[in-house]
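*Asks:* data.cif is reproduced in full below (mmCIF, C-alpha atoms).
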```
data_run
#
loop_
_atom_site.label_atom_id
_atom_site.label_comp_id
_atom_site.auth_asym_id
_atom_site.auth_seq_id
_atom_site.Cartn_x
_atom_site.Cartn_y
_atom_site.Cartn_z
CA MET P 1 135.92 -187.89 -96.70
CA ALA P 2 137.94 -190.24 -94.51
CA ALA P 3 140.13 -191.21 -97.44
CA GLU P 4 140.75 -187.55 -98.29
CA ARG P 5 141.67 -186.79 -94.70
CA LYS P 6 144.02 -189.75 -94.66
CA THR P 7 145.74 -188.57 -97.85
CA LEU P 8 146.13 -185.07 -96.41
CA LEU P 9 147.62 -186.49 -93.22
CA MET P 10 150.08 -188.62 -95.19
CA ASP P 11 151.09 -185.57 -97.27
CA GLU P 12 151.77 -183.61 -94.07
CA LYS P 13 153.77 -186.50 -92.66
CA ARG P 14 155.76 -186.79 -95.89
CA GLN P 15 156.65 -183.09 -95.69
CA ILE P 16 157.88 -183.53 -92.13
CA VAL P 17 159.87 -186.66 -93.06
CA GLU P 18 161.53 -184.87 -95.99
CA LYS P 19 162.29 -181.82 -93.85
CA TYR P 20 163.90 -183.68 -90.96
CA PHE P 21 165.36 -186.61 -92.89
CA ASP P 22 168.92 -185.23 -93.09
CA MET P 23 168.92 -184.08 -89.47
CA ILE P 24 167.73 -187.48 -88.19
CA TYR P 25 170.14 -189.37 -90.45
CA ARG P 26 173.17 -187.39 -89.27
CA LEU P 27 172.17 -187.74 -85.63
CA ALA P 28 171.68 -191.50 -86.11
CA LEU P 29 175.05 -191.73 -87.83
CA SER P 30 176.73 -189.83 -85.01
CA GLN P 31 175.16 -192.26 -82.56
CA THR P 32 175.70 -195.57 -84.37
CA LYS P 33 178.93 -194.66 -86.26
CA SER P 34 177.76 -196.90 -89.10
CA ARG P 35 175.88 -195.99 -92.26
CA GLU P 36 174.08 -199.35 -92.28
CA TYR P 37 172.80 -198.96 -88.75
CA ALA P 38 171.98 -195.29 -89.36
CA ASP P 39 169.80 -196.36 -92.32
CA ASP P 40 168.03 -198.88 -90.09
CA VAL P 41 167.50 -196.36 -87.32
CA VAL P 42 166.16 -193.72 -89.72
CA GLN P 43 163.67 -196.19 -91.22
CA GLU P 44 162.55 -197.30 -87.78
CA VAL P 45 162.11 -193.71 -86.55
CA PHE P 46 160.06 -192.57 -89.54
CA LEU P 47 157.96 -195.75 -89.61
CA ARG P 48 157.07 -195.10 -85.99
CA TYR P 49 156.28 -191.49 -86.86
CA ILE P 50 154.00 -192.46 -89.77
CA LYS P 51 152.15 -195.00 -87.65
CA TYR P 52 151.93 -192.65 -84.66
CA ASN P 53 148.24 -191.78 -84.33
CA ARG P 54 148.30 -188.95 -81.82
CA THR P 55 148.56 -185.39 -83.09
CA PHE P 56 151.53 -183.21 -82.22
CA GLU P 57 150.95 -179.80 -80.63
CA SER P 58 153.43 -178.05 -82.91
CA GLU P 59 156.30 -178.67 -85.28
CA GLU P 60 158.73 -178.14 -82.41
CA HIS P 61 156.97 -180.94 -80.56
CA THR P 62 157.32 -183.19 -83.64
CA LYS P 63 161.02 -182.36 -83.91
CA ALA P 64 161.63 -183.11 -80.23
CA TRP P 65 159.74 -186.40 -80.58
CA LEU P 66 161.82 -187.40 -83.62
CA LEU P 67 165.10 -186.55 -81.84
CA ARG P 68 164.19 -188.55 -78.75
CA VAL P 69 163.04 -191.57 -80.74
CA THR P 70 166.26 -191.43 -82.78
CA ILE P 71 168.41 -191.46 -79.65
CA ASN P 72 166.37 -194.36 -78.20
CA CYS P 73 166.42 -196.40 -81.43
CA SER P 74 170.18 -195.84 -81.72
CA LYS P 75 170.65 -197.12 -78.18
CA ASN P 76 168.52 -200.15 -79.04
CA VAL P 77 170.89 -201.01 -81.90
CA PHE P 78 173.68 -201.63 -79.39
CA ASN P 79 171.45 -203.83 -77.26
CA THR P 80 170.45 -206.27 -80.01
CA GLY P 81 172.03 -209.71 -80.14
CA TRP P 82 172.77 -209.13 -83.82
CA TYR P 83 174.96 -206.11 -83.02
CA LYS P 84 176.85 -207.98 -80.31
CA LYS P 85 177.77 -210.77 -82.73
CA THR P 86 178.60 -208.68 -85.81
CA VAL P 87 180.79 -205.71 -86.69
CA PRO P 88 179.43 -203.32 -89.34
CA LEU P 89 181.62 -202.68 -92.40
CA SER P 90 182.13 -199.01 -91.65
CA GLU P 91 183.44 -199.83 -88.18
CA SER P 92 185.71 -202.57 -89.45
CA GLY P 93 187.60 -200.33 -91.87
CA GLU P 94 185.27 -198.72 -94.42
CA ARG P 95 185.39 -195.20 -92.99
CA VAL P 96 183.72 -192.10 -94.38
CA THR P 97 186.40 -190.07 -96.13
CA PHE P 98 186.61 -186.29 -96.39
CA ASP P 99 188.47 -184.00 -98.79
CA THR P 100 190.41 -182.15 -96.07
CA HIS P 101 192.16 -183.44 -92.99
CA GLU P 102 190.53 -180.73 -90.85
CA LYS P 103 187.07 -182.09 -91.59
CA SER P 104 188.26 -185.63 -90.98
CA ASP P 105 189.93 -184.67 -87.68
CA ALA P 106 186.86 -182.83 -86.41
CA TYR P 107 184.42 -185.55 -87.48
CA TYR P 108 186.33 -188.53 -86.11
CA ALA P 109 187.21 -186.70 -82.89
CA VAL P 110 183.47 -186.54 -82.20
CA MET P 111 182.94 -190.13 -83.34
CA ASP P 112 185.59 -191.31 -80.85
CA LEU P 113 183.75 -189.72 -77.91
CA PRO P 114 181.63 -191.90 -75.62
CA GLN P 115 178.07 -192.22 -76.93
CA LYS P 116 176.44 -190.16 -74.17
CA TYR P 117 178.48 -187.06 -75.14
CA ARG P 118 178.09 -187.47 -78.92
CA ALA P 119 174.37 -186.54 -79.05
CA VAL P 120 174.83 -183.32 -77.08
CA ILE P 121 178.02 -182.33 -78.97
CA HIS P 122 176.39 -183.07 -82.34
CA LEU P 123 173.24 -181.06 -81.58
CA PHE P 124 175.27 -178.16 -80.18
CA TYR P 125 177.86 -177.92 -82.95
CA TYR P 126 175.96 -179.15 -85.98
CA GLU P 127 172.34 -178.20 -85.30
CA ASP P 128 173.35 -174.98 -83.46
CA MET P 129 171.00 -175.76 -80.60
CA SER P 130 171.41 -173.93 -77.29
CA VAL P 131 171.74 -175.77 -73.97
CA GLU P 132 168.09 -174.98 -73.25
CA GLU P 133 166.91 -176.32 -76.61
CA ILE P 134 168.94 -179.54 -76.26
CA SER P 135 167.51 -180.01 -72.80
CA GLN P 136 163.93 -179.55 -74.03
CA ASN P 137 164.39 -181.73 -77.12
CA LEU P 138 166.09 -184.63 -75.37
CA GLY P 139 164.04 -184.28 -72.20
CA ILE P 140 167.06 -184.06 -69.92
CA ASN P 141 168.06 -181.55 -67.28
CA PRO P 142 169.90 -178.41 -68.53
CA SER P 143 172.59 -179.05 -65.88
CA THR P 144 173.19 -182.52 -67.34
CA VAL P 145 173.44 -181.04 -70.84
CA LYS P 146 175.99 -178.48 -69.63
CA SER P 147 178.05 -181.13 -67.84
CA GLN P 148 178.05 -183.44 -70.87
CA LEU P 149 178.94 -180.53 -73.14
CA SER P 150 181.79 -179.47 -70.90
CA ARG P 151 183.22 -182.99 -70.53
CA GLY P 152 182.81 -183.67 -74.24
CA ARG P 153 184.69 -180.51 -75.10
CA LYS P 154 187.48 -181.40 -72.70
CA LEU P 155 187.88 -184.78 -74.40
CA LEU P 156 187.77 -183.17 -77.85
CA LYS P 157 190.45 -180.72 -76.84
CA GLU P 158 192.68 -183.55 -75.61
CA LYS P 159 192.11 -185.52 -78.82
CA LEU P 160 192.75 -182.58 -81.12
CA LYS P 161 195.65 -181.32 -78.97
CA GLY P 162 194.41 -177.73 -78.98
CA GLU P 163 194.52 -177.37 -82.76
CA TYR P 164 191.04 -175.84 -82.98
CA ASP P 165 189.25 -173.04 -81.24
CA PHE P 166 186.15 -174.50 -79.60
CA VAL P 167 183.88 -171.56 -80.19
CA LEU Z 1 187.20 -173.39 -86.13
CA PHE Z 2 186.03 -176.73 -84.83
CA ARG Z 3 182.34 -175.94 -85.43
CA LYS Z 4 183.04 -174.95 -89.03
CA TYR Z 5 184.95 -178.13 -89.86
CA TYR Z 6 182.53 -180.40 -88.03
CA LYS Z 7 179.61 -178.84 -89.92
CA ALA Z 8 181.41 -179.09 -93.24
CA ALA Z 9 182.24 -182.75 -92.59
CA ASN Z 10 178.60 -183.56 -91.77
CA ASP Z 11 177.39 -181.62 -94.80
CA ASP Z 12 179.66 -183.79 -96.96
CA ILE Z 13 177.83 -186.93 -95.79
CA LYS Z 14 174.87 -187.36 -98.12
CA PRO Z 15 172.05 -189.51 -96.75
CA ASN Z 16 170.31 -191.92 -99.09
CA ARG Z 17 167.05 -190.04 -99.69
CA ALA Z 18 165.57 -193.04 -101.54
CA LEU Z 19 164.95 -194.35 -98.04
CA ILE Z 20 162.06 -191.88 -97.70
CA ASP Z 21 160.09 -193.63 -100.47
CA LYS Z 22 161.00 -196.99 -99.02
CA VAL Z 23 159.71 -195.99 -95.58
CA PHE Z 24 156.37 -194.86 -97.03
CA GLU Z 25 156.09 -198.04 -99.11
CA VAL Z 26 156.68 -200.20 -96.04
CA ALA Z 27 154.18 -198.15 -94.01
CA GLU Z 28 151.55 -198.45 -96.76
CA SER Z 29 152.01 -202.21 -97.17
CA GLU Z 30 151.75 -202.72 -93.40
CA ASN Z 31 148.64 -200.57 -93.35
CA LYS Z 32 147.04 -202.59 -96.16
CA ARG Z 33 147.88 -205.85 -94.45
CA SER Z 34 146.32 -204.70 -91.20
CA SER Z 35 143.23 -203.31 -92.96
CA LYS Z 36 142.71 -206.63 -94.84
CA VAL Z 37 142.76 -208.50 -91.57
CA TYR Z 38 140.33 -205.97 -90.17
CA LYS Z 39 137.91 -206.29 -93.09
CA PHE Z 40 138.11 -210.09 -93.03
CA GLY Z 41 137.57 -210.06 -89.29
CA LEU Z 42 134.62 -207.68 -89.61
CA LYS Z 43 132.92 -209.73 -92.32
CA TYR Z 44 133.33 -213.26 -91.03
CA GLY Z 45 134.17 -212.68 -87.39
CA THR Z 46 130.77 -211.16 -86.67
CA ALA Z 47 128.94 -214.07 -88.31
CA VAL Z 48 130.99 -216.64 -86.41
CA ALA Z 49 130.38 -214.79 -83.14
CA ALA Z 50 126.62 -214.65 -83.79
CA VAL Z 51 126.40 -218.39 -84.54
CA PHE Z 52 128.43 -219.14 -81.41
CA VAL Z 53 126.16 -217.01 -79.21
CA LEU Z 54 122.99 -218.67 -80.65
CA ALA Z 55 124.38 -222.17 -80.17
CA VAL Z 56 125.38 -221.46 -76.58
CA SER Z 57 121.96 -219.89 -75.85
CA ALA Z 58 120.10 -222.91 -77.30
CA PHE Z 59 122.24 -225.27 -75.25
CA LEU Z 60 121.91 -223.37 -71.99
CA TYR Z 61 118.20 -222.35 -72.24
CA PRO Z 62 116.65 -225.40 -70.47
CA GLN Z 63 119.19 -225.16 -67.67
CA ILE Z 64 118.56 -221.42 -67.27
CA VAL Z 65 114.78 -222.03 -67.02
CA LYS Z 66 115.34 -224.77 -64.46
CA THR Z 67 117.65 -222.57 -62.41
CA ASN Z 68 115.07 -219.74 -62.46
CA GLU Z 69 112.40 -222.08 -61.08
CA ASP Z 70 114.77 -223.23 -58.32
CA VAL Z 71 115.53 -219.62 -57.41
CA GLU Z 72 111.80 -218.78 -57.23
CA ASN Z 73 111.14 -221.74 -54.90
CA LEU Z 74 114.04 -220.75 -52.66
CA THR Z 75 112.77 -217.15 -52.50
CA ILE Z 76 109.29 -218.30 -51.42
CA THR Z 77 110.78 -220.53 -48.70
CA ALA Z 78 112.95 -217.71 -47.40
CA LYS Z 79 109.97 -215.34 -47.29
CA ASN Z 80 107.90 -217.86 -45.29
CA THR Z 81 110.78 -218.28 -42.82
CA GLN Z 82 111.06 -214.51 -42.37
CA ASP Z 83 107.30 -214.23 -41.71
CA ASP Z 84 107.58 -216.91 -39.01
CA ILE Z 85 110.44 -215.09 -37.32
CA LYS Z 86 108.50 -211.78 -37.33
CA GLU Z 87 105.46 -213.47 -35.78
CA ASN Z 88 107.61 -214.94 -32.98
CA GLU Z 89 109.19 -211.52 -32.25
CA LEU Z 90 105.73 -209.91 -32.01
CA ASN Z 91 104.52 -212.51 -29.54
CA GLU Z 92 107.63 -211.97 -27.36
CA ALA Z 93 107.09 -208.20 -27.39
CA ASN Z 94 103.45 -208.58 -26.31
CA ILE Z 95 104.49 -210.76 -23.39
CA ALA Z 96 107.14 -208.23 -22.28
CA TYR Z 97 104.70 -205.30 -22.53
CA SER Z 98 102.06 -206.93 -20.41
CA SER Z 99 104.62 -207.62 -17.65
CA LYS Z 100 105.43 -203.88 -17.22
CA THR Z 101 103.82 -201.98 -14.28
CA THR Z 102 101.70 -198.81 -14.69
CA GLU Z 103 104.34 -196.70 -12.78
CA GLY Z 104 107.06 -197.76 -15.07
CA ILE Z 105 104.97 -196.61 -18.01
CA LYS Z 106 104.41 -193.18 -16.33
CA GLU Z 107 108.14 -192.65 -15.64
CA ALA Z 108 108.96 -193.49 -19.18
CA ALA Z 109 106.36 -190.98 -20.37
CA GLY Z 110 107.82 -188.21 -18.07
CA GLU Z 111 111.36 -188.77 -19.30
CA SER Z 112 110.39 -188.61 -22.90
CA LYS Z 113 108.66 -185.23 -22.24
CA LYS Z 114 111.88 -183.89 -20.65
CA LEU Z 115 113.88 -185.04 -23.59
CA MET Z 116 111.63 -183.39 -26.15
CA PRO Z 117 113.11 -179.80 -26.13
CA GLU Z 118 116.66 -181.14 -26.17
CA ASN Z 119 115.81 -183.31 -29.16
CA ILE Z 120 114.43 -180.26 -30.89
CA ASN Z 121 117.60 -178.28 -30.10
CA ASP Z 122 119.77 -181.13 -31.34
CA THR Z 123 117.83 -181.26 -34.56
CA ALA Z 124 118.31 -177.51 -35.01
CA ASP Z 125 122.06 -177.87 -34.36
CA ILE Z 126 122.37 -180.67 -36.87
CA ALA Z 127 120.46 -178.63 -39.44
CA GLU Z 128 122.72 -175.61 -38.80
CA SER Z 129 125.88 -177.67 -39.07
CA LYS Z 130 124.65 -179.22 -42.34
CA ILE Z 131 123.88 -175.79 -43.71
CA SER Z 132 127.36 -174.51 -42.76
CA VAL Z 133 129.03 -177.58 -44.31
CA ASN Z 134 127.07 -177.04 -47.49
CA THR Z 135 128.00 -173.36 -47.51
CA GLU Z 136 131.68 -174.25 -47.09
CA GLU Z 137 131.47 -176.73 -49.92
CA VAL Z 138 129.80 -174.17 -52.17
CA THR Z 139 132.49 -171.63 -51.27
CA LYS Z 140 135.27 -174.14 -51.97
CA PHE Z 141 133.68 -175.13 -55.25
CA SER Z 142 133.33 -171.48 -56.29
CA ALA Z 143 136.97 -170.81 -55.38
CA ALA Z 144 138.14 -173.84 -57.35
CA GLU Z 145 135.95 -172.89 -60.29
CA SER Z 146 137.23 -169.31 -60.36
CA ALA Z 147 140.85 -170.54 -59.99
CA HIS Z 148 140.27 -172.89 -62.90
CA GLN Z 149 138.75 -170.10 -64.96
CA SER Z 150 141.57 -167.69 -64.16
CA GLY Z 151 144.10 -170.45 -64.97
CA THR Z 152 142.44 -170.97 -68.33
CA SER Z 153 142.46 -167.28 -69.14
CA ALA Z 154 146.12 -167.07 -68.04
CA ARG Z 155 146.99 -169.92 -70.39
CA ILE Z 156 145.17 -168.19 -73.24
CA MET Z 157 147.09 -164.98 -72.50
CA GLY Z 158 150.37 -166.97 -72.50
CA ASN Z 159 149.66 -168.45 -75.91
CA LEU Z 160 148.78 -165.13 -77.32
CA SER Z 161 152.06 -163.58 -76.27
CA ALA Z 162 154.14 -166.68 -77.02
CA ASP Z 163 154.80 -165.78 -80.66
CA ASN Z 164 156.65 -162.53 -80.06
CA THR Z 165 159.49 -162.73 -82.52
CA CYS Z 166 161.49 -159.54 -82.94
CA THR Z 167 164.11 -158.62 -85.46
CA ALA Z 168 166.60 -155.82 -86.00
CA ASP Z 169 168.99 -154.98 -88.83
CA VAL Z 170 172.66 -155.64 -88.24
CA ASP Z 171 173.35 -152.25 -89.90
CA GLU Z 172 171.54 -150.51 -87.03
CA VAL Z 173 174.02 -151.78 -84.44
CA LYS Z 174 176.02 -148.94 -82.90
CA GLU Z 175 179.12 -148.91 -80.77
CA VAL Z 176 178.90 -149.06 -76.97
CA THR Z 177 180.90 -147.06 -74.48
CA GLU Z 178 183.23 -148.52 -71.84
CA GLU Z 179 180.89 -147.27 -69.10
CA GLU Z 180 177.91 -149.08 -70.62
CA ILE Z 181 179.91 -152.31 -70.98
CA THR Z 182 181.16 -152.12 -67.39
CA PHE Z 183 177.72 -151.34 -66.01
CA ILE Z 184 175.87 -154.09 -67.92
CA THR Z 185 178.47 -156.82 -67.36
CA SER Z 186 178.58 -156.05 -63.64
CA LEU Z 187 174.77 -156.45 -63.50
CA LEU Z 188 175.01 -159.71 -65.47
CA TYR Z 189 177.59 -161.07 -63.02
CA GLU Z 190 175.30 -160.05 -60.18
CA LYS Z 191 172.43 -162.02 -61.76
CA PHE Z 192 174.29 -165.13 -62.90
CA GLY Z 193 177.39 -165.23 -60.70
CA LYS Z 194 180.96 -165.52 -61.94
CA ILE Z 195 181.15 -169.31 -62.07
CA ASP Z 196 178.76 -171.90 -63.50
CA LYS Z 197 177.77 -174.02 -60.50
CA ASP Z 198 177.18 -177.12 -62.64
CA THR Z 199 180.51 -177.20 -64.46
CA GLN Z 200 182.74 -174.86 -62.42
CA ASN Z 201 183.57 -172.99 -65.64
CA THR Z 202 184.04 -169.23 -65.40
CA TYR Z 203 181.45 -167.08 -67.17
CA VAL Z 204 182.54 -164.36 -69.61
CA PHE Z 205 180.07 -161.74 -70.86
CA GLU Z 206 180.88 -159.59 -73.90
CA ILE Z 207 178.83 -156.59 -74.97
CA SER Z 208 179.56 -155.87 -78.62
CA GLY Z 209 176.98 -153.26 -79.71
CA LYS Z 210 173.62 -151.68 -79.19
CA PHE Z 211 170.56 -150.82 -81.23
CA ASP Z 212 167.27 -149.05 -80.68
CA THR Z 213 163.87 -150.72 -80.69
CA ALA Z 214 160.46 -149.09 -80.36
CA ASP Z 215 160.55 -149.42 -76.56
CA LYS Z 216 164.15 -149.13 -75.56
CA THR Z 217 167.78 -149.60 -76.45
CA LEU Z 218 168.99 -153.18 -76.45
CA TYR Z 219 172.56 -154.38 -76.13
CA LEU Z 220 173.98 -157.24 -78.11
CA GLY Z 221 176.23 -159.67 -76.30
CA ARG Z 222 177.86 -163.05 -76.11
CA TRP Z 223 177.95 -165.42 -73.17
CA ARG Z 224 180.92 -167.73 -72.92
CA TRP Z 225 182.57 -170.25 -70.67
CA LEU Z 226 186.28 -170.22 -69.93
CA VAL Z 227 187.26 -173.88 -70.20
CA ASP Z 228 190.90 -174.70 -69.49
CA GLY Z 229 192.17 -171.44 -70.89
CA HIS Z 230 190.04 -171.25 -74.01
CA SER Z 231 186.64 -169.63 -74.39
CA SER Z 232 183.58 -171.50 -75.47
CA LEU Z 233 180.44 -169.82 -76.79
CA LEU Z 234 177.26 -170.62 -74.88
CA THR Z 235 174.86 -168.26 -76.60
CA GLU Z 236 174.36 -164.85 -78.11
CA PHE Z 237 171.85 -162.58 -76.45
CA VAL Z 238 170.15 -159.20 -76.33
CA VAL Z 239 169.73 -157.43 -73.02
CA ASP Z 240 168.37 -154.09 -71.85
CA TYR Z 241 170.42 -151.53 -69.91
CA GLU Z 242 168.84 -152.40 -66.56
CA VAL Z 243 169.37 -156.15 -67.20
CA SER Z 244 165.74 -156.83 -66.47
CA LYS Z 245 165.14 -158.56 -69.81
CA MET Z 246 167.54 -160.84 -71.61
CA TYR Z 247 166.76 -163.13 -74.56
CA GLU Z 248 168.76 -165.58 -76.65
CA CYS Z 249 169.18 -164.30 -80.19
CA ILE Z 250 170.32 -165.50 -83.59
CA ILE Z 251 172.56 -163.26 -85.66
CA SER Z 252 172.55 -163.79 -89.40
CA ASP Z 253 174.38 -161.77 -92.09
CA SER Z 254 171.77 -159.04 -92.13
CA SER Z 255 169.55 -159.37 -89.09
CA ILE Z 256 169.31 -160.14 -85.41
CA SER Z 257 166.24 -162.08 -84.30
CA TRP Z 258 164.97 -163.06 -80.87
CA THR Z 259 161.75 -164.06 -79.18
CA THR Z 260 160.45 -162.52 -75.99
CA GLU Z 261 159.09 -165.87 -74.88
CA ASN Z 262 161.85 -166.82 -72.45
CA ASN Z 263 163.34 -164.07 -70.38
CA MET Z 264 166.67 -165.43 -69.12
CA ILE Z 265 166.54 -163.11 -66.11
CA LYS Z 266 164.61 -164.94 -63.46
CA LYS Z 267 162.53 -162.68 -61.27
#
```
Rewrite the structure from the file as structure tokens, please.
*Replies:*
Amino acid sequence: MAAERKTLLMDEKRQIVEKYFDMIYRLALSQTKSREYADDVVQEVFLRYIKYNRTFESEEHTKAWLLRVTINCSKNVFNTGWYKKTVPLSESGERVTFDTHEKSDAYYAVMDLPQKYRAVIHLFYYEDMSVEEISQNLGINPSTVKSQLSRGRKLLKEKLKGEYDFV
Amino acid sequence: LFRKYYKAANDDIKPNRALIDKVFEVAESENKRSSKVYKFGLKYGTAVAAVFVLAVSAFLYPQIVKTNEDVENLTITAKNTQDDIKENELNEANIAYSSKTTEGIKEAAGESKKLMPENINDTADIAESKISVNTEEVTKFSAAESAHQSGTSARIMGNLSADNTCTADVDEVKEVTEEEITFITSLLYEKFGKIDKDTQNTYVFEISGKFDTADKTLYLGRWRWLVDGHSSLLTEFVVDYEVSKMYECIISDSSISWTTENNMIKK
């Protein structure tokens, strides 16, 4: 019985991992700006999730947990001694390339933002989350989310020199 | 549009999905390693612990017996000393009693008689006060219990109504008149103000259409910021004519969906 329950639990966890894998990877990439570190962060986040013994109240709760752990693990990457002594390949020249310059402009404009604005901008523009949702998922005040969103947009506008409509 | 290009760029980045299998492999191997340690610990650890406990008991037994005997002797000595003290106190009391005069004894008897009714009254007061304290406590407890119960039932009610997702067809959206737009936007400005206090950005409300639901007509709108001359979408929403209910909504190609969980109009 216990073994069956364990298998069922692992199946459920696998479904969640497969569902949110892309979302977590892209958020980690937006935070670390390096595919290598994003891979590390994603593995760390999902390992923690698989080992996490407490049950989540709902799928929304699981999603919020995953997002918060991703942000924290990404921050930890910058605090390690290894990171301080090395420069990942993708930061030292191997950049992700896109087929149109518009995509490239938009993507790297976000990547050039300070880290604290990147999470909010990414969740707002890519995941289509509202201010309220970002606030709930990241566990920060809605006013802080709005301020970061506003400042991030200002910086994006300066970088892109008004070429795009920020709707 | 910035959003469009940023999304397209992110969609072009393909994560390495082989990592999923790798993560589960690592988790499984770590789990096995920990369970092996656990089984090993369970099998041999218990035996080692039992042998250790027996050895310690065998070593300490004579000393424990000796200590028990010492404690018993000490207890007997202490008891004898206490008996001696009590005997001395009794002798002293007898001497004091015999030195008292007969008048003194009478006065003492008279005073105790006078005090009797007061003592009775005091006892009654104490009993009354205890009863009232108990009654208060019972009342408080009942109030707390009923508050707890009502809280529980309120939570249950909240959960029941939390899933209210509503949808409408985009085809059902009709045009709105200038009067309706002016009326609703003026109410929205009244509720939210003209400027966002946190960012100092100006609010812009657009009402783009309306549609009928079972209860009432709802208006479809967009809420924007004006940031340095360009507008920035905050959210899309549905709102009733009186602006008493307003919910965030998602508009797809064919439908509008919203949940009545979070009314953006604070009462």
*Asks:* Could you please select, counting only C-alpha atoms, the residues of chain Z within 7 Å of chain P and state them as a list of chain:residue names?
*Replies:*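 Here is what falls inside 7 Å: Z:Leu1, Z:Phe2, Z:Arg3, Z:Tyr5, Z:Tyr6, Z:Lys7, Z:Ala8, Z:Ala9, Z:Pro15, Z:Val23, Z:Ala27, Z:Asp198, Z:Thr199, Z:Ser231, Z:Ser232, Z:Leu233, Z:Thr235.
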*Asks:* Suppose a student applies the PyMOL selection byres ((chain P and resi 73) around 10) to this structure; what residues should they get, written as a list in words?
*Replies:*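 Against this file, the PyMOL selection byres ((chain P and resi 73) around 10) returns the residues Ala28, Gln31, Thr32, Ala38, Asp40, Val41, Val42, Glu44, Val45, Leu67, Arg68, Val69, Thr70, Ile71, Asn72, Ser74, Lys75, Asn76, Val77, Phe78 and Asn79 of chain P.
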*Asks:* What is the distance between atom CA of Z:Val173 and atom CA of Z:Thr185, in Å to one decimal?
*Replies:*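 It comes out at 18.4 Å.
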*Asks:* What does the distance between atom CA of Z:Phe205 and atom CA of P:Leu113 come to in Å, to one decimal place?
*Replies:* 29.1 Å
*Asks:* Could you tell me how far atom CA of P:Leu9 sits from atom CA of P:Asn53, in Å to one decimal place?
*Replies:*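 That distance, rounded to one decimal, is 10.4 Å.
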*Asks:* Around (164.4, -175.8, -80.1) in the file's own coordinates, what residues are found within 12 Å if you use only C-alpha atoms, given back as an MDAnalysis selection string?
*Replies:* (chainID P and resid 58:65 67 123:124 127:139) or (chainID Z and resid 248)
*Asks:* Put the listed atoms of stretch 3-16 of chain Z in a box along x, y and z with 6 Å added on every side and give me the centre and edge lengths in Å to one decimal, as JSON.
*Replies:*
```
{"center_x": 177.6, "center_y": -183.4, "center_z": -92.3, "size_x": 26.6, "size_y": 29.0, "size_z": 25.7}
```
